[in-house]
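Shown next: my_file-v8.cif, given as mmCIF, C-alpha atoms.
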```cif
data_final
loop_
_atom_site.label_atom_id
_atom_site.label_comp_id
_atom_site.auth_asym_id
_atom_site.auth_seq_id
_atom_site.Cartn_x
_atom_site.Cartn_y
_atom_site.Cartn_z
CA MET A 7 -40.74 -13.34 56.36
CA CYS A 8 -39.18 -13.90 52.95
CA ARG A 9 -36.93 -10.89 53.44
CA LYS A 10 -35.81 -12.22 56.84
CA PHE A 11 -35.14 -15.68 55.38
CA GLY A 12 -33.15 -14.14 52.52
CA PHE A 13 -31.10 -12.12 54.99
CA ILE A 14 -30.35 -15.22 57.06
CA VAL A 15 -29.32 -17.21 53.99
CA VAL A 16 -26.98 -14.40 52.91
CA ALA A 17 -25.58 -14.13 56.43
CA MET A 18 -25.07 -17.91 56.64
CA VAL A 19 -23.26 -17.94 53.29
CA GLY A 20 -21.03 -15.10 54.49
CA VAL A 21 -20.28 -16.89 57.74
CA PHE A 22 -19.59 -20.13 55.84
CA LEU A 23 -17.19 -18.38 53.45
CA PHE A 24 -15.41 -16.75 56.37
CA ALA A 25 -15.27 -20.09 58.22
CA SER A 26 -13.72 -21.87 55.25
CA CYS A 27 -10.59 -19.70 55.51
CA LYS A 28 -7.62 -21.28 57.23
CA LYS A 29 -5.55 -19.67 59.95
CA LYS A 30 -2.10 -20.52 61.31
CA HIS A 31 -1.63 -21.09 64.99
CA ASN A 32 1.54 -22.41 66.62
CA LYS A 33 3.02 -23.21 63.20
CA GLN A 34 0.20 -25.67 62.50
CA GLU A 35 -2.69 -25.15 60.12
CA HIS A 36 -6.15 -25.54 61.59
CA SER A 37 -9.27 -25.44 59.46
CA VAL A 38 -12.08 -23.41 60.96
CA GLN A 39 -15.47 -24.93 60.19
CA LEU A 40 -18.82 -23.94 61.59
CA THR A 41 -21.72 -26.32 61.98
CA ILE A 42 -25.12 -25.47 60.56
CA GLU A 43 -26.22 -24.52 64.07
CA GLU A 44 -23.22 -22.21 64.54
CA GLN A 45 -23.86 -20.57 61.15
CA TYR A 46 -27.50 -20.09 62.07
CA ASN A 47 -26.57 -18.64 65.47
CA ALA A 48 -24.09 -16.24 63.84
CA ALA A 49 -26.81 -15.11 61.41
CA LEU A 50 -29.22 -14.58 64.32
CA ASP A 51 -26.66 -12.46 66.17
CA SER A 52 -26.75 -9.92 63.34
CA LEU A 53 -30.57 -9.51 63.45
CA PRO A 54 -32.50 -7.07 65.65
CA LEU A 55 -34.02 -8.85 68.65
CA GLU A 56 -37.64 -8.31 67.54
CA GLU A 57 -36.93 -10.06 64.21
CA VAL A 58 -35.18 -12.98 65.95
CA GLU A 59 -38.19 -13.55 68.21
CA GLU A 60 -40.50 -13.82 65.17
CA LEU A 61 -38.15 -16.05 63.19
CA GLU A 62 -39.22 -19.54 62.18
CA ASP A 63 -37.37 -21.24 59.36
CA ILE A 64 -38.36 -24.37 57.39
CA PHE A 65 -35.73 -26.11 55.27
CA THR A 66 -34.62 -29.46 53.86
CA LEU A 67 -31.94 -31.42 55.69
CA PHE A 68 -30.13 -34.53 54.41
CA ILE A 69 -28.87 -37.02 57.03
CA ALA A 70 -26.02 -39.49 56.33
CA SER A 71 -26.39 -43.21 57.00
CA GLU A 72 -23.76 -43.37 59.77
CA LEU A 73 -23.03 -41.46 62.94
CA VAL A 74 -19.45 -40.27 63.44
CA ASP A 75 -17.32 -39.57 66.49
CA CYS A 76 -17.29 -35.93 67.56
CA VAL A 77 -16.59 -33.90 70.65
CA GLY A 78 -19.09 -31.39 71.98
CA VAL A 79 -19.15 -30.91 75.74
CA ALA A 80 -17.87 -34.51 75.85
CA PRO A 81 -17.06 -37.21 73.25
CA GLN A 82 -20.24 -38.33 71.50
CA LYS A 83 -21.66 -39.57 68.19
CA CYS A 84 -22.98 -36.92 65.78
CA MET A 85 -25.23 -37.00 62.75
CA GLN A 86 -23.72 -35.86 59.46
CA VAL A 87 -26.05 -33.34 57.80
CA LYS A 88 -26.20 -31.06 54.78
CA GLN A 89 -28.77 -28.74 53.28
CA SER A 90 -28.22 -29.69 49.62
CA LEU A 91 -27.03 -32.80 47.79
CA ASP A 92 -23.82 -31.15 46.54
CA ALA A 93 -22.85 -29.59 49.91
CA PRO A 94 -20.20 -31.20 52.13
CA TRP A 95 -21.33 -33.13 55.20
CA GLU A 96 -21.31 -31.18 58.46
CA LEU A 97 -21.61 -32.42 62.03
CA MET A 98 -24.80 -31.84 64.00
CA TYR A 99 -24.12 -31.97 67.72
CA SER A 100 -27.76 -31.81 68.84
CA GLN A 101 -30.79 -33.91 68.00
CA ILE A 102 -33.77 -33.20 65.76
CA GLU A 103 -36.92 -33.16 67.88
CA GLY A 104 -39.45 -35.75 66.74
CA PHE A 105 -36.90 -37.62 64.58
CA GLU A 106 -35.71 -41.13 65.41
CA TYR A 107 -32.43 -41.86 63.61
CA GLN A 108 -31.70 -45.44 62.47
CA PRO A 109 -28.16 -46.29 61.29
CA GLY A 110 -27.88 -47.62 57.74
CA TYR A 111 -30.45 -45.22 56.23
CA GLU A 112 -30.02 -41.89 54.51
CA TYR A 113 -32.80 -39.43 55.17
CA LYS A 114 -34.25 -36.37 53.50
CA LEU A 115 -36.20 -34.35 56.05
CA GLU A 116 -38.20 -31.19 56.15
CA VAL A 117 -37.36 -29.47 59.42
CA ARG A 118 -38.00 -26.15 61.04
CA SER A 119 -35.81 -24.22 63.39
CA GLU A 120 -36.78 -22.10 66.36
CA VAL A 121 -34.79 -19.76 68.50
CA VAL A 122 -34.36 -21.03 72.08
CA GLU A 123 -34.74 -18.26 74.62
CA ASN A 124 -32.01 -18.30 77.27
CA PRO A 125 -30.38 -21.62 76.25
CA PRO A 126 -28.00 -23.32 78.70
CA MET A 127 -24.37 -22.37 78.05
CA ASP A 128 -23.50 -25.84 76.75
CA SER A 129 -26.37 -26.10 74.23
CA SER A 130 -27.48 -24.52 71.00
CA GLY A 131 -29.55 -21.38 70.71
CA VAL A 132 -31.52 -23.09 67.95
CA ARG A 133 -33.95 -26.01 68.24
CA VAL A 134 -34.42 -28.14 65.10
CA ILE A 135 -37.81 -29.87 64.84
CA LEU A 136 -38.98 -32.49 62.34
CA VAL A 137 -41.83 -31.32 60.10
CA LYS A 138 -41.93 -34.45 57.92
CA GLU A 139 -39.74 -37.28 56.69
CA ILE A 140 -39.54 -36.93 52.91
CA SER A 141 -37.50 -40.06 52.24
CA LYS A 142 -35.62 -42.88 53.97
CA GLU A 143 -33.27 -45.01 51.85
CA LYS A 144 -31.31 -48.10 52.90
CA LYS A 145 -27.54 -47.67 52.31
#
```
Written form, structure tokens:
Amino acid sequence: MCRKFGFIVVAMVGVFLFASCKKKHNKQEHSVQLTIEEQYNAALDSLPLEEVEELEDIFTLFIASELVDCVGVAPQKCMQVKQSLDAPWELMYSQIEGFEYQPGYEYKLEVRSEVVENPPMDSSGVRVILVKEISKEKK
């Protein structure tokens, strides 16, 4: 399990570094950024199927005090999340199962992720589930 987790972390870092590069398209610069879910999905794609089926990952997730506008399948409000205090905020397009977000509070959560078998085309291949709320601070 530790070896699998280490591989996923390395793969996510590699995907993140690749995603932070900029590309030119139609004489305009567009920054390519992957969400935590997209990084996780990219890491899963590189694993053998039998390892993906056994994978369960527990990690800390920080949640910002305000939702922001974003566009997934349609315009919506997204949580801003990061996995460490010094990381930049990223958008999370899906919800965290078992977690009830309240605006005006910053959260530190322990969550686990599970692979979703045969997810709908417009949803993530990863389900994020609340393990416990570590802290909730008024901002």
Practice task
For each of A:Leu115, A:Leu67, A:Leu136, A:Val122, take the minimum atom-to-atom distance to Ser90 in chain A, counting all atoms listed in the file, then give the residue where this is smallest.
Solution key: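 Closest candidate: A:Leu67.
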Practice task
Could you please determine the separation between CA of Pro81 in chain A and CA of Val137 in chain A in Å, to one decimal place?
Solution key: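 Interatomic distance here is 28.7 Å.
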Practice task
Pull out every residue that the PyMOL selection byres ((chain A and resi 113) around 6) matches in the shown coordinates and put them as a PyMOL selection string.
Solution key: chain A and resi 68-69+112+114+141-142
Those same residues, written as a short mmCIF file (atom, residue, chain, number, x, y, z; two decimals), keeping the file's coordinate frame with C-alpha atoms?
```cif
data_model
loop_
_atom_site.label_atom_id
_atom_site.label_comp_id
_atom_site.auth_asym_id
_atom_site.auth_seq_id
_atom_site.Cartn_x
_atom_site.Cartn_y
_atom_site.Cartn_z
CA PHE A 68 -30.13 -34.53 54.41
CA ILE A 69 -28.87 -37.02 57.03
CA GLU A 112 -30.02 -41.89 54.51
CA LYS A 114 -34.25 -36.37 53.50
CA SER A 141 -37.50 -40.06 52.24
CA LYS A 142 -35.62 -42.88 53.97
#
```
Handout entry: Surrounding residues of Phe105 in chain A excluding itself and chain neighbours under 6 positions, 9 Å, all atoms listed in the file, as a list in words
Key =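 Counting only the stated atoms, we get Ile135, Leu136, Lys138 and Glu139 of chain A.
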Exercise for the section: Between A:Ile102, A:Leu91, A:Pro125, A:Tyr111, single out the one closest to Glu143 in chain A, counting only C-alpha atoms. Expected result: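 Comparing A:Ile102, A:Leu91, A:Pro125, A:Tyr111 against Glu143 in chain A, the winner is A:Tyr111.
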